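Take a look at the structure below.
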Amino acid sequence: MTTDTSAAAPAAAPGAPAVDLFSQEFAADPFPVHDRLRRSAPVHHDPVTRLWLVSRDEDIRQVLREPSTYRNDNALGSVLPLRLPALRILDRAGFKTLPPALFNNSGDTHPVLRGPVLKLFGAQRVRAALPMIERVTHEELDLMAAGLDATGRHDFARGPARTIPVRVMLEMLGVPEAARADIATIADWTDAFITLFWGRTDKDEQRRLAQLVGEFYIWLCDLAARPDAPDDSLLGALARVRMPDGSPVPPEVAVAVCSNLMVAGHVTTSQMISTAAYRALEHTGRWRALGREPGLAEAWTEETLRREPSLTAWRRVTSRPVTLGGVDLPEGAELLLLFTAAGTDPEAFEEPERICPMREGGRAHLGFGLGRHRCPGAELARAEGRVVLAAASERFPDLRLATEERPPFLELVSFRAPTRLEVEHAPRPAEPRRSPPQ
Ligand code: HEM
């Protein structure tokens with residue numbers, strides 16, 4: 001999972017904006033940097049990651065519309081090279097590299113593998129899954145209520161925002177029997193996965209994370225090898241798929257598809273719910289309104305996806321020399337498409353930094369990508385966002401942030417969300433004093 005960083009790496013242009021993609025400063029407030037990039041260097045070479053940062057909505061759309069020129073082969077490599085001890089641990093778990101499946105597949109097997117995923121997560125299946133999503137949501141909110149009663153505080157990001165999408169994903173994949181203890185373990189594994197491959201970590205941290213990723217990989221292999229997968233489950237569907245040469249899907253490819261879905265299918269949704277809840281909780285009235293105003297939870301989710309998408313940026317690599325945004329790029333140039341910058345591009349959205357859930361054309365963002373690789377889980381993520389936000393606001397209308405400090409944000413190149421969101425009940429206003437009877 002190391003990235004080949006040998007492709008063209010010119011020195012940063014003089015006067016180009018300095019960006020530390022891994023800093024807390026950038027993670028917590030990326031908007032000023034995006035603004036500078038769009039204005040002064042819309043296709044900017046970052047010397048640390050050796051990625052070309054693409055920040056204008058128009059340029060990103062162009063890239064996504066030309067998947068043969070801008071391939072996704074590099075999407076899952078580690079953004080920074082991993083050290084040997086971590087690579088050895090991954091190797092011992094049998095995890096060398098993920099073969100092309102969905103996120104990293106520009107070849108002719110992509111449509112074959114994408115077909116069953118589109119079917120499994122299509123609008124009809126998501127509609128049918130709504131009762132399950134509501135049930136899981138209320139069960140997890142019961143636990144949150146118990147936590148609030150017991151200690152007066154609860155971490156919304158590590159609580160319902162984290163557990164609901166894992167449980168929903170397991171149900172959708174046809175493995176709902178995972179015990180409660182497994183939910184936290186799976187979430188820890190996938191957190192480790194994104195931190196190892198999209199973060200800046202030292203040798204010891206890499207070792208710890210690689211251990212967890214290795215365990216995750218072994219679990220995925222067991223999952224993909226289940227002999228009893230129901231016909232209408234993803235694994236059942238994959239068993240019927242034939243590759244372009246007529247052969248069945250190789251086991252390691254089935255593992256890669258499961259890995260793509262387990263990581264993409266809940267990590268991003270958890271992050272979206274945390275970010276959406278945080279922005280709503282910044283103002284008591286907004287939070288309360290989510291459970292009261294019809295359609296608001298849905299629109300709030302959409303506006304979060306535009307302004308602060310959880311998948312903040314994604315990679316591509318050029319298959320030939322091209323000119324993008326006026327910059328000449330060689331073959332093999334690795335790009336980072338900054339979806340957050342696109343969502344706040346004033347050329348694409350009016351007053352883009354303002355949170356305006358009912359804005360016209362609010363769905364025309366790139367939070368779910370575009371074209372051949374557009375997110376097949378978009379409808380599921382939207383459904384989870386609206387159900388969880390509305391239900392949480394209805395059940396806890398007086399919820400507020402427990403501290404005025406800004407929560408810490410994930411410091412990863414492609415993922416962003418508050419990692420902690422301590423909440424509590426607002427104190428009830430004091431009863432007006434009654435004058436004693438005369
Ligand atoms: C808020 C939640 C989500 C966000 C922000 C999100 C975002 C995205 C984006 C931007 C892409 C396009 C990547 C590209 O162009 O290469 C994508 C692709 C993908 N997403 Fe999602 N996603 C979310 C939820 C989900 C869910 C719930 C699933 C589960 C089915 C899922 C599965 C996938 C898969 C498998 C792909 C790769 C598709 C392909 O390459 O053909 N995502 N997602």
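Following the order of the structure tokens, chains are lettered A, B, ..., residues in each are numbered from 1, and ligands are numbered from 1.
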*Hey, which residues come within 6 Å of ligand 1 if we count only C-alpha atoms and all ligand atoms? Could you give them as a PyMOL selection string?*
chain A and resi 102-103+114+121+260-261+264-266+268-269+272+309-311+367-369+373-378+380-381
Within 10 Å of stretch 154-165 of chain A, counting only C-alpha atoms, which residues qualify if same-chain residues fewer than 3 places away don't, as a compact mmCIF listing (two decimals) with C-alpha atoms, in the first residue's frame?
# COMPACT_ATOMS: atom_id res chain seq x y z
CA ILE A 133 -32.26 2.15 9.97
CA GLU A 134 -34.89 3.62 12.30
CA ARG A 135 -34.75 0.63 14.64
CA VAL A 136 -30.95 0.71 14.85
CA THR A 137 -31.03 4.50 15.36
CA HIS A 138 -33.45 4.28 18.28
CA GLU A 139 -31.53 1.44 19.90
CA GLU A 140 -28.34 3.49 19.78
CA LEU A 141 -30.14 6.63 21.01
CA ASP A 142 -31.43 4.57 23.96
CA LEU A 143 -27.80 3.92 24.86
CA MET A 144 -27.05 7.62 24.50
CA ALA A 145 -29.98 8.46 26.82
CA ALA A 146 -28.59 6.01 29.38
CA GLY A 147 -25.13 7.59 29.03
CA LEU A 148 -26.55 11.08 29.53
CA ASP A 149 -28.52 9.93 32.58
CA ALA A 150 -25.51 8.22 34.08
CA THR A 151 -22.82 10.85 33.61
CA VAL A 168 -26.52 -0.41 9.20
CA MET A 169 -23.67 -1.45 6.91
CA LEU A 170 -23.46 -4.92 8.46
CA GLU A 171 -27.21 -5.33 8.02
CA ARG A 180 -22.21 -5.45 20.06
CA ILE A 183 -19.21 -2.94 16.45
CA ALA A 184 -16.59 -0.99 18.38
CA ILE A 186 -14.91 -2.84 13.49
CA ALA A 187 -15.03 0.93 13.94
CA MET A 262 -16.94 -1.61 4.88
CA GLY A 265 -19.88 2.56 3.76
CA HIS A 266 -19.69 3.63 7.33
CA VAL A 267 -16.63 5.82 8.01
CA THR A 268 -17.82 8.60 5.69
CA THR A 269 -21.40 8.37 6.95
CA SER A 270 -20.31 8.54 10.60
CA GLN A 271 -18.21 11.57 9.80
CA MET A 272 -21.05 13.26 7.91
CA ILE A 273 -23.42 12.75 10.87
CA SER A 274 -20.83 14.13 13.35
CA THR A 275 -20.15 17.22 11.26
CA ALA A 277 -24.66 17.48 14.31
CA TYR A 278 -21.79 19.76 15.33
CA LEU A 380 -28.07 5.15 1.95
CA ALA A 381 -25.87 7.88 3.42
CA GLU A 384 -28.99 7.69 7.53
CA GLY A 385 -28.24 11.40 7.85
CA VAL A 388 -30.35 10.06 12.72
CA LEU A 389 -30.45 13.86 12.85
CA ALA A 392 -31.70 12.62 17.82
CA LEU A 401 -22.36 21.23 23.23
CA ALA A 402 -20.84 20.53 26.62
CA ALA A 417 -14.99 15.35 10.92
CA PRO A 418 -14.94 16.22 14.62
CA THR A 419 -13.45 13.25 16.43
CA ARG A 420 -15.16 14.12 19.71
CA LEU A 421 -18.46 15.83 20.28
CA GLU A 422 -19.30 16.07 23.98
CA VAL A 423 -22.96 16.92 24.48
CA GLU A 424 -25.23 17.47 27.50
CA HIS A 425 -28.77 18.54 28.27
*May I ask which of the residues A:Ala254, A:Ala280, A:Arg240, A:Ala430 is the closest one to A:Ala225, counting only C-alpha atoms?*
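For A:Ala225, the nearest of the given residues is A:Ala254.
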_Env of A:Asp29: 12 Å cut, atoms = only C-alpha atoms, seq-sep filter 2 positions within chain, self excluded. Answer as a PyMOL selection string._
chain A and resi 20-21+23-27+31-35+307-308+340-341+353+406-411+416-418
_Measuring between only C-alpha atoms, which one of A:Arg315, A:Arg386, A:Arg359, A:His365 shows the shortest distance to A:Ser414?_
A:Arg315
